[in-house]
>>> print(open('model_3.cif').read())   # mmCIF, C-alpha atoms and all ligand atoms
data_final
#
loop_
_atom_site.label_atom_id
_atom_site.label_comp_id
_atom_site.auth_asym_id
_atom_site.auth_seq_id
_atom_site.Cartn_x
_atom_site.Cartn_y
_atom_site.Cartn_z
CA MET H 1 101.63 93.02 97.19
CA VAL H 2 98.12 94.26 96.55
CA TYR H 3 95.31 92.44 98.33
CA LEU H 4 92.02 92.49 96.42
CA ASP H 5 90.32 89.42 97.86
CA TYR H 6 88.23 90.97 100.64
CA ASN H 7 85.23 88.73 99.91
CA ALA H 8 87.40 85.76 100.92
CA SER H 9 88.59 87.34 104.16
CA THR H 10 89.46 90.73 105.58
CA PRO H 11 92.35 91.99 107.71
CA ILE H 12 91.33 92.64 111.27
CA ASP H 13 90.42 96.27 112.03
CA GLN H 14 92.92 97.70 114.52
CA ARG H 15 90.10 98.86 116.83
CA VAL H 16 88.69 95.33 116.80
CA LEU H 17 92.12 93.81 117.36
CA GLY H 18 92.57 95.87 120.53
CA ALA H 19 89.26 94.71 121.97
CA ALA H 20 89.84 91.05 121.02
CA VAL H 21 93.38 90.97 122.43
CA GLU H 22 92.16 92.44 125.70
CA ALA H 23 89.48 89.75 125.83
CA LEU H 24 92.12 87.01 125.39
CA ASP H 25 93.14 87.73 128.95
CA VAL H 26 89.63 87.13 130.27
CA TYR H 27 90.06 83.41 130.69
CA GLY H 28 86.90 82.47 132.55
CA ASN H 29 84.29 80.24 131.01
CA PRO H 30 81.26 82.42 130.15
CA ALA H 31 79.07 79.57 131.47
CA SER H 32 80.70 79.70 134.94
CA SER H 33 78.24 82.27 136.18
CA HIS H 34 78.73 81.20 139.82
CA HIS H 35 82.03 83.08 140.14
CA VAL H 36 83.41 86.45 139.20
CA VAL H 37 85.95 85.24 136.60
CA GLY H 38 83.22 83.46 134.64
CA GLN H 39 80.95 86.45 135.03
CA MET H 40 83.58 88.73 133.47
CA ALA H 41 83.68 86.53 130.36
CA ALA H 42 79.88 86.27 130.28
CA GLU H 43 79.63 90.06 130.42
CA LEU H 44 81.92 90.38 127.39
CA VAL H 45 79.87 87.84 125.42
CA ASN H 46 76.64 89.59 126.41
CA GLU H 47 78.01 92.99 125.43
CA ALA H 48 79.05 91.59 122.03
CA ARG H 49 75.59 90.05 121.62
CA SER H 50 73.97 93.35 122.28
CA ARG H 51 76.30 95.15 119.83
CA VAL H 52 75.29 92.68 117.08
CA ALA H 53 71.60 92.86 118.00
CA VAL H 54 71.46 96.66 118.20
CA SER H 55 73.40 97.01 114.94
CA LEU H 56 70.89 94.77 113.19
CA GLY H 57 67.87 96.23 114.96
CA ARG H 58 66.98 92.82 116.46
CA SER H 59 66.73 91.66 120.06
CA THR H 60 69.63 90.03 121.92
CA GLN H 61 67.55 86.87 122.33
CA GLU H 62 67.57 86.45 118.56
CA VAL H 63 71.37 86.33 118.21
CA MET H 64 73.16 82.99 118.62
CA PHE H 65 76.92 82.96 118.23
CA THR H 66 78.59 80.26 116.16
CA SER H 67 82.08 79.68 114.73
CA GLY H 68 81.14 81.40 111.46
CA ALA H 69 78.59 81.51 108.69
CA THR H 70 79.07 77.87 107.65
CA GLU H 71 78.15 76.58 111.07
CA ALA H 72 75.29 79.07 111.36
CA ALA H 73 73.91 77.87 108.02
CA VAL H 74 74.11 74.23 109.12
CA LEU H 75 72.39 74.96 112.44
CA GLY H 76 69.74 77.15 110.84
CA LEU H 77 68.92 75.07 107.79
CA LEU H 78 69.20 71.60 109.31
CA GLY H 79 67.35 72.83 112.37
CA VAL H 80 64.49 74.19 110.28
CA MET H 81 64.31 71.09 108.09
CA LEU H 82 64.33 68.70 111.04
CA GLY H 83 61.75 70.79 112.84
CA SER H 84 59.24 70.93 109.96
CA SER H 85 58.16 67.33 109.46
CA SER H 86 55.12 68.23 107.36
CA ARG H 87 57.30 70.33 105.06
CA PRO H 88 60.23 68.17 103.90
CA ASN H 89 61.29 70.29 100.91
CA ILE H 90 63.51 73.32 100.53
CA VAL H 91 64.02 75.82 97.71
CA VAL H 92 67.50 77.23 97.10
CA SER H 93 69.18 79.42 94.56
CA PRO H 94 71.95 77.58 92.65
CA THR H 95 74.32 80.47 93.33
CA GLU H 96 74.30 79.98 97.13
CA HIS H 97 77.57 79.41 98.93
CA LYS H 98 78.44 75.71 99.26
CA ALA H 99 77.88 76.05 103.02
CA VAL H 100 74.18 76.61 102.30
CA LEU H 101 73.84 74.24 99.34
CA GLU H 102 75.30 71.34 101.28
CA ALA H 103 73.34 72.06 104.45
CA ALA H 104 70.16 72.21 102.35
CA GLU H 105 71.03 68.92 100.69
CA LEU H 106 71.59 67.17 104.00
CA GLY H 107 68.54 68.79 105.60
CA ALA H 108 66.25 67.67 102.79
CA ARG H 109 67.73 64.17 102.84
CA LEU H 110 67.19 63.83 106.60
CA ALA H 111 63.66 65.21 106.29
CA GLY H 112 62.86 62.79 103.46
CA GLY H 113 62.28 65.63 101.01
CA GLU H 114 64.01 67.28 98.09
CA VAL H 115 65.98 70.38 97.23
CA ARG H 116 64.28 72.46 94.56
CA VAL H 117 66.65 74.73 92.69
CA VAL H 118 65.24 77.99 91.37
CA ARG H 119 66.42 79.36 88.02
CA VAL H 120 68.63 82.45 87.89
CA ASP H 121 69.09 84.69 84.87
CA ARG H 122 72.37 85.50 83.06
CA ASP H 123 73.18 88.03 85.78
CA GLY H 124 72.56 85.51 88.56
CA VAL H 125 69.32 87.13 89.71
CA VAL H 126 66.64 84.74 90.96
CA ASP H 127 63.76 84.26 88.51
CA VAL H 128 60.79 85.16 90.72
CA ASP H 129 58.26 83.48 88.41
CA ASP H 130 60.17 80.23 88.68
CA LEU H 131 60.36 80.71 92.45
CA ASP H 132 56.62 81.21 92.58
CA ARG H 133 56.16 77.94 90.68
CA LEU H 134 58.49 75.97 93.02
CA VAL H 135 57.22 77.21 96.37
CA ASP H 136 54.22 75.40 97.83
CA ASP H 137 53.08 74.35 101.28
CA SER H 138 55.50 71.39 101.30
CA VAL H 139 58.42 73.82 101.43
CA ALA H 140 59.95 74.55 104.84
CA ALA H 141 62.27 77.33 103.73
CA VAL H 142 63.42 79.42 100.81
CA ALA H 143 67.17 80.09 100.90
CA VAL H 144 68.38 82.96 98.73
CA MET H 145 71.52 84.80 99.74
CA ALA H 146 71.40 88.58 100.24
CA ALA H 147 74.48 89.22 98.09
CA ASN H 148 76.60 86.77 96.17
CA ASN H 149 80.20 86.26 97.31
CA GLU H 150 81.52 85.73 93.77
CA THR H 151 79.62 88.31 91.70
CA GLY H 152 78.29 90.69 94.36
CA VAL H 153 74.80 90.38 92.83
CA ILE H 154 72.10 91.47 95.29
CA ALA H 155 68.87 89.45 95.54
CA PRO H 156 65.36 90.93 95.15
CA ALA H 157 64.55 90.37 98.84
CA THR H 158 61.00 91.75 98.88
CA ALA H 159 59.74 89.64 95.96
CA ILE H 160 61.33 86.50 97.45
CA ALA H 161 59.86 87.12 100.91
CA ASP H 162 56.38 87.79 99.44
CA ILE H 163 56.39 84.43 97.66
CA ALA H 164 57.62 82.52 100.73
CA GLU H 165 55.11 84.22 102.99
CA ARG H 166 52.21 83.24 100.72
CA VAL H 167 52.67 79.58 101.76
CA GLY H 168 54.19 80.11 105.20
CA ALA H 169 57.72 79.01 104.20
CA LEU H 170 60.58 80.54 106.18
CA VAL H 171 62.92 83.00 104.50
CA PHE H 172 66.56 81.97 105.09
CA VAL H 173 69.09 84.62 104.13
CA ASP H 174 72.86 84.21 104.05
CA ALA H 175 73.73 87.87 104.65
CA THR H 176 77.47 87.19 105.09
CA GLN H 177 78.55 89.38 102.19
CA LEU H 178 75.96 92.14 102.51
CA LEU H 179 76.84 93.18 106.05
CA GLY H 180 79.08 96.25 105.89
CA LYS H 181 78.82 96.53 102.11
CA GLY H 182 75.17 97.38 101.43
CA SER H 183 71.99 98.31 103.24
CA LEU H 184 70.63 95.49 105.38
CA ASP H 185 67.30 97.20 106.12
CA GLY H 186 65.17 95.17 103.68
CA VAL H 187 66.78 91.86 104.58
CA VAL H 188 66.53 92.36 108.34
CA ALA H 189 62.86 93.28 108.00
CA LEU H 190 61.97 90.32 105.78
CA ALA H 191 64.19 87.40 106.80
CA ASP H 192 63.16 84.78 109.36
CA VAL H 193 66.68 83.39 109.67
CA MET H 194 69.96 85.14 108.82
CA VAL H 195 73.61 84.14 109.02
CA PHE H 196 76.72 86.30 109.36
CA SER H 197 80.49 85.86 109.62
CA SER H 198 83.03 87.94 111.53
CA HIS H 199 86.05 87.52 109.26
CA LYS H 200 84.26 89.10 106.29
CA ILE H 201 83.78 92.36 108.21
CA TYR H 202 87.28 93.00 109.62
CA GLY H 203 86.65 90.84 112.67
CA PRO H 204 88.58 87.76 113.86
CA LYS H 205 88.06 84.35 112.31
CA GLY H 206 86.14 81.82 114.37
CA ALA H 207 82.98 83.81 115.07
CA GLY H 208 79.66 84.30 113.33
CA ALA H 209 75.98 84.34 114.13
CA LEU H 210 72.66 82.73 113.46
CA VAL H 211 69.91 85.32 113.90
CA ALA H 212 66.35 84.05 114.19
CA SER H 213 63.19 85.48 115.76
CA ARG H 214 61.84 83.83 118.92
CA SER H 215 58.88 82.36 117.05
CA VAL H 216 61.19 80.83 114.44
CA GLN H 217 63.51 79.46 117.13
CA LYS H 218 60.59 77.34 118.31
CA LEU H 219 60.62 75.63 114.90
CA ILE H 220 64.36 74.91 114.92
CA VAL H 221 65.65 71.59 116.25
CA PRO H 222 68.98 72.28 118.01
CA ILE H 223 71.70 70.20 116.33
CA ALA H 224 74.50 70.57 118.87
CA SER H 225 72.88 71.66 122.11
CA GLY H 226 75.75 70.37 124.30
CA GLY H 227 76.02 72.38 127.50
CA GLY H 228 73.07 74.57 126.62
CA GLN H 229 75.02 77.65 125.55
CA GLU H 230 73.50 80.04 123.00
CA ARG H 231 69.93 79.34 124.12
CA GLY H 232 70.61 75.64 123.65
CA PHE H 233 71.11 76.00 119.88
CA ARG H 234 74.88 75.89 119.92
CA GLY H 235 76.45 74.14 122.86
CA GLY H 236 80.16 74.50 123.51
CA THR H 237 82.24 77.07 125.33
CA GLN H 238 81.97 80.41 123.56
CA ASN H 239 85.11 81.78 121.87
CA THR H 240 85.14 84.95 123.96
CA PRO H 241 87.88 86.98 122.16
CA ALA H 242 86.53 86.19 118.68
CA ILE H 243 82.98 87.01 119.78
CA VAL H 244 84.12 90.30 121.35
CA GLY H 245 85.89 91.19 118.09
CA PHE H 246 82.86 90.19 116.03
CA GLY H 247 80.55 92.37 118.15
CA LEU H 248 82.67 95.46 117.61
CA ALA H 249 83.29 94.63 113.94
CA ALA H 250 79.53 94.34 113.34
CA GLU H 251 78.90 97.68 115.01
CA LEU H 252 81.60 99.35 112.91
CA ALA H 253 80.37 97.64 109.74
CA MET H 254 76.91 99.14 110.19
CA LYS H 255 78.17 102.60 111.23
CA GLU H 256 80.73 102.91 108.44
CA GLN H 257 78.91 101.08 105.64
CA ALA H 258 77.61 104.12 103.75
CA SER H 259 80.90 106.04 103.73
CA ASP H 260 82.95 102.91 102.98
CA ALA H 261 80.62 102.00 100.10
CA ALA H 262 80.83 105.40 98.42
CA ARG H 263 84.63 105.43 98.44
CA ILE H 264 84.99 101.78 97.43
CA ARG H 265 82.45 102.12 94.60
CA ASP H 266 84.57 104.93 93.08
CA LEU H 267 87.74 102.85 93.35
CA ALA H 268 86.05 99.80 91.78
CA ASN H 269 84.84 101.98 88.90
CA GLU H 270 88.37 103.31 88.41
CA LEU H 271 89.69 99.76 88.30
CA LEU H 272 87.17 98.72 85.66
CA VAL H 273 87.68 101.83 83.54
CA GLY H 274 91.47 101.45 83.82
CA LEU H 275 91.37 97.80 82.73
CA ARG H 276 89.01 98.53 79.83
CA ARG H 277 91.30 101.33 78.67
CA LYS H 278 94.18 98.84 78.41
CA LEU H 279 92.38 95.67 77.34
CA PRO H 280 89.67 94.72 74.85
CA ASP H 281 86.99 92.15 75.69
CA VAL H 282 86.51 92.67 79.42
CA HIS H 283 83.03 91.62 80.58
CA VAL H 284 81.47 92.18 83.99
CA ASN H 285 79.72 88.99 85.10
CA GLY H 286 76.37 89.98 86.62
CA GLY H 287 76.97 93.42 85.12
CA GLU H 288 73.31 94.33 84.55
CA ALA H 289 72.24 93.50 88.11
CA ASP H 290 72.23 95.49 91.33
CA ARG H 291 75.63 94.61 92.86
CA LEU H 292 77.82 95.17 95.91
CA PRO H 293 80.05 98.22 95.44
CA ASN H 294 83.28 96.32 96.16
CA THR H 295 82.95 93.26 93.91
CA LEU H 296 83.99 92.94 90.27
CA ASN H 297 83.72 89.52 88.66
CA LEU H 298 85.47 90.08 85.34
CA ARG H 299 85.79 87.86 82.32
CA PHE H 300 88.88 88.45 80.22
CA VAL H 301 88.03 86.68 76.97
CA GLY H 302 90.74 84.20 75.95
CA ALA H 303 92.72 84.43 79.21
CA ASP H 304 92.50 81.52 81.62
CA SER H 305 92.17 82.97 85.13
CA GLU H 306 94.51 80.44 86.77
CA ALA H 307 97.22 81.40 84.24
CA VAL H 308 96.53 85.11 84.79
CA MET H 309 96.87 84.71 88.57
CA ALA H 310 100.08 82.69 88.18
CA SER H 311 101.46 85.49 86.02
CA MET H 312 100.87 88.21 88.66
CA PRO H 313 101.73 86.66 92.05
CA GLU H 314 101.91 90.13 93.61
CA ILE H 315 98.15 90.66 93.11
CA CYS H 316 95.86 88.66 95.41
CA VAL H 317 92.55 88.00 93.69
CA SER H 318 90.46 84.91 93.24
CA ALA H 319 89.14 82.65 90.51
CA GLY H 320 85.75 81.60 91.78
CA SER H 321 85.16 81.56 95.52
CA ALA H 322 88.01 80.95 97.96
CA CYS H 323 86.28 77.98 99.50
CA ASN H 324 86.27 76.28 96.11
CA SER H 325 89.70 77.37 95.02
CA ALA H 326 91.39 74.12 96.11
CA VAL H 327 89.25 72.38 93.54
CA PRO H 328 90.22 73.39 89.98
CA SER H 329 86.72 73.31 88.55
CA PRO H 330 84.76 76.23 87.12
CA SER H 331 82.68 78.25 89.55
CA HIS H 332 79.24 76.73 90.18
CA VAL H 333 77.90 80.29 90.45
CA LEU H 334 79.03 81.30 86.96
CA LEU H 335 77.88 77.98 85.48
CA ALA H 336 74.43 78.51 87.04
CA MET H 337 74.33 81.90 85.31
CA GLY H 338 74.53 80.06 81.97
CA MET H 339 78.21 80.58 81.29
CA SER H 340 80.19 77.79 79.64
CA GLY H 341 83.06 76.10 81.50
CA THR H 342 85.53 78.04 79.33
CA GLU H 343 83.82 81.37 79.98
CA ALA H 344 83.76 80.69 83.70
CA SER H 345 87.45 79.74 83.70
CA GLU H 346 88.28 83.11 82.09
CA SER H 347 86.75 84.94 85.07
CA LEU H 348 88.48 86.62 88.01
CA ARG H 349 86.89 87.85 91.20
CA ILE H 350 88.37 91.14 92.37
CA SER H 351 87.01 92.40 95.68
CA LEU H 352 88.02 95.69 97.28
CA GLY H 353 87.91 96.60 100.95
CA ARG H 354 88.12 99.36 103.53
CA PRO H 355 91.95 99.62 103.33
CA THR H 356 92.09 99.70 99.48
CA THR H 357 93.86 102.81 98.15
CA ARG H 358 93.97 104.60 94.78
CA ASP H 359 97.67 103.67 94.47
CA GLU H 360 96.79 100.00 94.86
CA ILE H 361 94.18 100.35 92.11
CA ASP H 362 96.81 101.86 89.79
CA VAL H 363 99.23 99.01 90.55
CA ALA H 364 96.46 96.44 90.03
CA VAL H 365 95.39 97.92 86.66
CA THR H 366 98.97 97.74 85.38
CA ALA H 367 99.65 94.24 86.71
CA ILE H 368 96.32 92.66 85.71
CA SER H 369 96.33 94.13 82.21
CA ALA H 370 99.94 93.02 81.66
CA ALA H 371 99.17 89.50 82.93
CA VAL H 372 96.04 89.15 80.79
CA SER H 373 97.94 90.39 77.71
CA ARG H 374 100.76 87.91 78.37
CA VAL H 375 98.34 84.99 78.74
CA ARG H 376 96.42 86.03 75.62
CA GLU H 377 99.67 86.24 73.62
CA LEU H 378 100.85 82.84 74.84
CA THR H 379 97.57 81.19 73.92
CA GLY H 380 97.38 83.01 70.60
CA GLU H 381 94.25 85.07 71.43
N1 LIG H 401 78.39 82.46 102.99
C1 LIG H 401 79.01 83.31 102.17
C2 LIG H 401 78.21 84.13 101.23
C3 LIG H 401 80.40 83.42 102.20
O1 LIG H 401 81.03 84.26 101.37
C4 LIG H 401 81.13 82.59 103.09
C5 LIG H 401 82.62 82.62 103.10
O2 LIG H 401 83.26 82.38 102.10
C6 LIG H 401 80.43 81.74 103.95
C7 LIG H 401 79.06 81.69 103.87
C8 LIG H 401 81.16 80.89 104.95
O3 LIG H 401 81.59 81.72 105.99
P1 LIG H 401 82.58 81.19 107.15
O4 LIG H 401 83.95 81.28 106.57
O5 LIG H 401 82.38 82.16 108.28
O6 LIG H 401 82.17 79.83 107.52
#
>>> encode(input="model_3.cif", output="structure tokens")
Amino acid sequence: MVYLDYNASTPIDQRVLGAAVEALDVYGNPASSHHVVGQMAAELVNEARSRVAVSLGRSTQEVMFTSGATEAAVLGLLGVMLGSSSRPNIVVSPTEHKAVLEAAELGARLAGGEVRVVRVDRDGVVDVDDLDRLVDDSVAAVAVMAANNETGVIAPATAIADIAERVGALVFVDATQLLGKGSLDGVVALADVMVFSSHKIYGPKGAGALVASRSVQKLIVPIASGGGQERGFRGGTQNTPAIVGFGLAAELAMKEQASDAARIRDLANELLVGLRRKLPDVHVNGGEADRLPNTLNLRFVGADSEAVMASMPEICVSAGSACNSAVPSPSHVLLAMGMSGTEASESLRISLGRPTTRDEIDVAVTAISAAVSRVRELTGE
């Protein structure tokens, strides 16, 4: 089996596993600060918060733990929309993750406004002129993800932030896929609100973060304040072991990003070159844009991706994003990039990770090219 679906989820790093397993034994409620068992749990959560904050170069008061990026997006976007009554509208890129698109939809509906969708080009890069046209002082936030989960395409963060700032709209960045794979410097400096997820960076599932400056927090209406945890933005007993794992995973992601990226970029290039040597008509979706080093979204002309995957069960890749894969419809990201339904359904997402080896790439080249050739033969291409 060769796993090449790291944008969907990652195996837990062994160093992170050790820390998370140890934390499973710390059973106190982090909110029970009146006794020592609760204090032990609270210390672990605080240490994890400071690991995330220091890694990002933000303060601990800006980091609010959630169950993952989906929940962080809902808290952040709904909170901003409900808190900005004079600005009921929101601008989003059509290639956002469904977590963001649906939160934006609900937020705008509750605020009595609308979602304005900015155009992207054939590579999935936001059209900044169109963005400039759509953003006015009725817009509460501009949501453009740092890097796309399906294509790896990286957004022009500075241009987007400049346009939002002109009218005082908040910059909301889903940085789930950029953390650990590319430099976060520009995004951290420019974004008002960011969201992250632990299981994309070799941490446990069930943890993530909403990161927002203190001034922006004042604009956010807490959706689930509950017992007042997480500065009142996310009530509910914190998932101590997952948070501990997330803290360490975030620290490692930042420390090891540059060396991981260099190695993974070489392996991804080898995969592409190897496939092109064996197969004609292989296109890289988003190929002209700045992209994450680990992500290849490839279109094999004439080969339906579901059939290709069924023909190589030993290779774990993805057709469209994992969250949409239960629904057999073409990827909304590729459609937004102007591809037809057929072109989108001929596309496979292959995403490499820290554990990927050269041997795995060789196995994948052989298996994918054989599967694509089989499917093409069967369908007469
Ligand atoms: N945003 C992006 C870009 C993602 O890739 C994902 C996961 O697929 C999410 C948000 C949702 O993350 P989570 O699984 O932590 O809710």
>>> residues_around(input="model_3.cif", residues="segment 229-246 of chain H", least_positions_apart="6", cutoff="9 Å", atoms="all atoms listed in the file", output="PyMOL selection string")
chain H and resi 12+15-27+29-31+41-42+44-45+47-49+52+61+63-67+75+79+197-199+201-208+217+220-223
>>> residues_near_ligand(input="model_3.cif", ligand="ligand LIG 401 (chain H)", cutoff="9 Å", atoms="only C-alpha atoms and all ligand atoms", output="VMD selection string")
chain H and resid 7 to 9 66 to 73 96 to 100 145 to 150 174 to 178 195 to 200 205 to 209 321 to 323
>>> residues_around(input="model_3.cif", residues="segment 299-311 of chain H", least_positions_apart="6", cutoff="6 Å", atoms="only C-alpha atoms", output="number ranges by chain")
H: 281-283, 345-348, 371-372, 375-376, 381
>>> atom_distance(input="model_3.cif", atom1="atom CA of Leu184 of chain H", atom2="atom CA of Pro94 of chain H")
22.0 Å
>>> atom_distance(input="model_3.cif", atom1="atom CA of Glu377 of chain H", atom2="atom CA of Leu298 of chain H")
18.8 Å
>>> residues_around(input="model_3.cif", residues="Gly182 of chain H", least_positions_apart="6", cutoff="8 Å", atoms="all atoms listed in the file", output="number ranges by chain")
H: 257-258, 261, 292-293
>>> axis_aligned_box(input="model_3.cif", around="segment 219-231 of chain H", padding_each_side="4 Å", output="JSON")
{"center_x": 68.3, "center_y": 75.1, "center_z": 121.2, "size_x": 23.4, "size_y": 17.8, "size_z": 20.6}
>>> atom_distance(input="model_3.cif", atom1="atom CA of Ala141 of chain H", atom2="atom CA of Ala159 of chain H")
14.8 Å
>>> closest_residue(input="model_3.cif", among="H:Pro280, H:Leu271, H:Arg116, H:Ser329", to="Thr342 of chain H", atoms="only C-alpha atoms")
H:Ser329
>>> closest_residue(input="model_3.cif", among="H:Ala140, H:Ser50, H:His35, H:Ala268", to="Glu165 of chain H", atoms="all atoms listed in the file")
H:Ala140
>>> closest_residue(input="model_3.cif", among="H:Val153, H:Ala224, H:Val216, H:Leu252", to="Gly286 of chain H", atoms="all atoms listed in the file")
H:Val153
>>> closest_residue(input="model_3.cif", among="H:Leu378, H:Ile368, H:Val128, H:Val80", to="Ser93 of chain H", atoms="all atoms listed in the file")
H:Val128
>>> residues_around(input="model_3.cif", residues="Val273 of chain H", least_positions_apart="6", cutoff="10 Å", atoms="all atoms listed in the file", output="list in words")
Leu267, Leu279 and Val365 of chain H
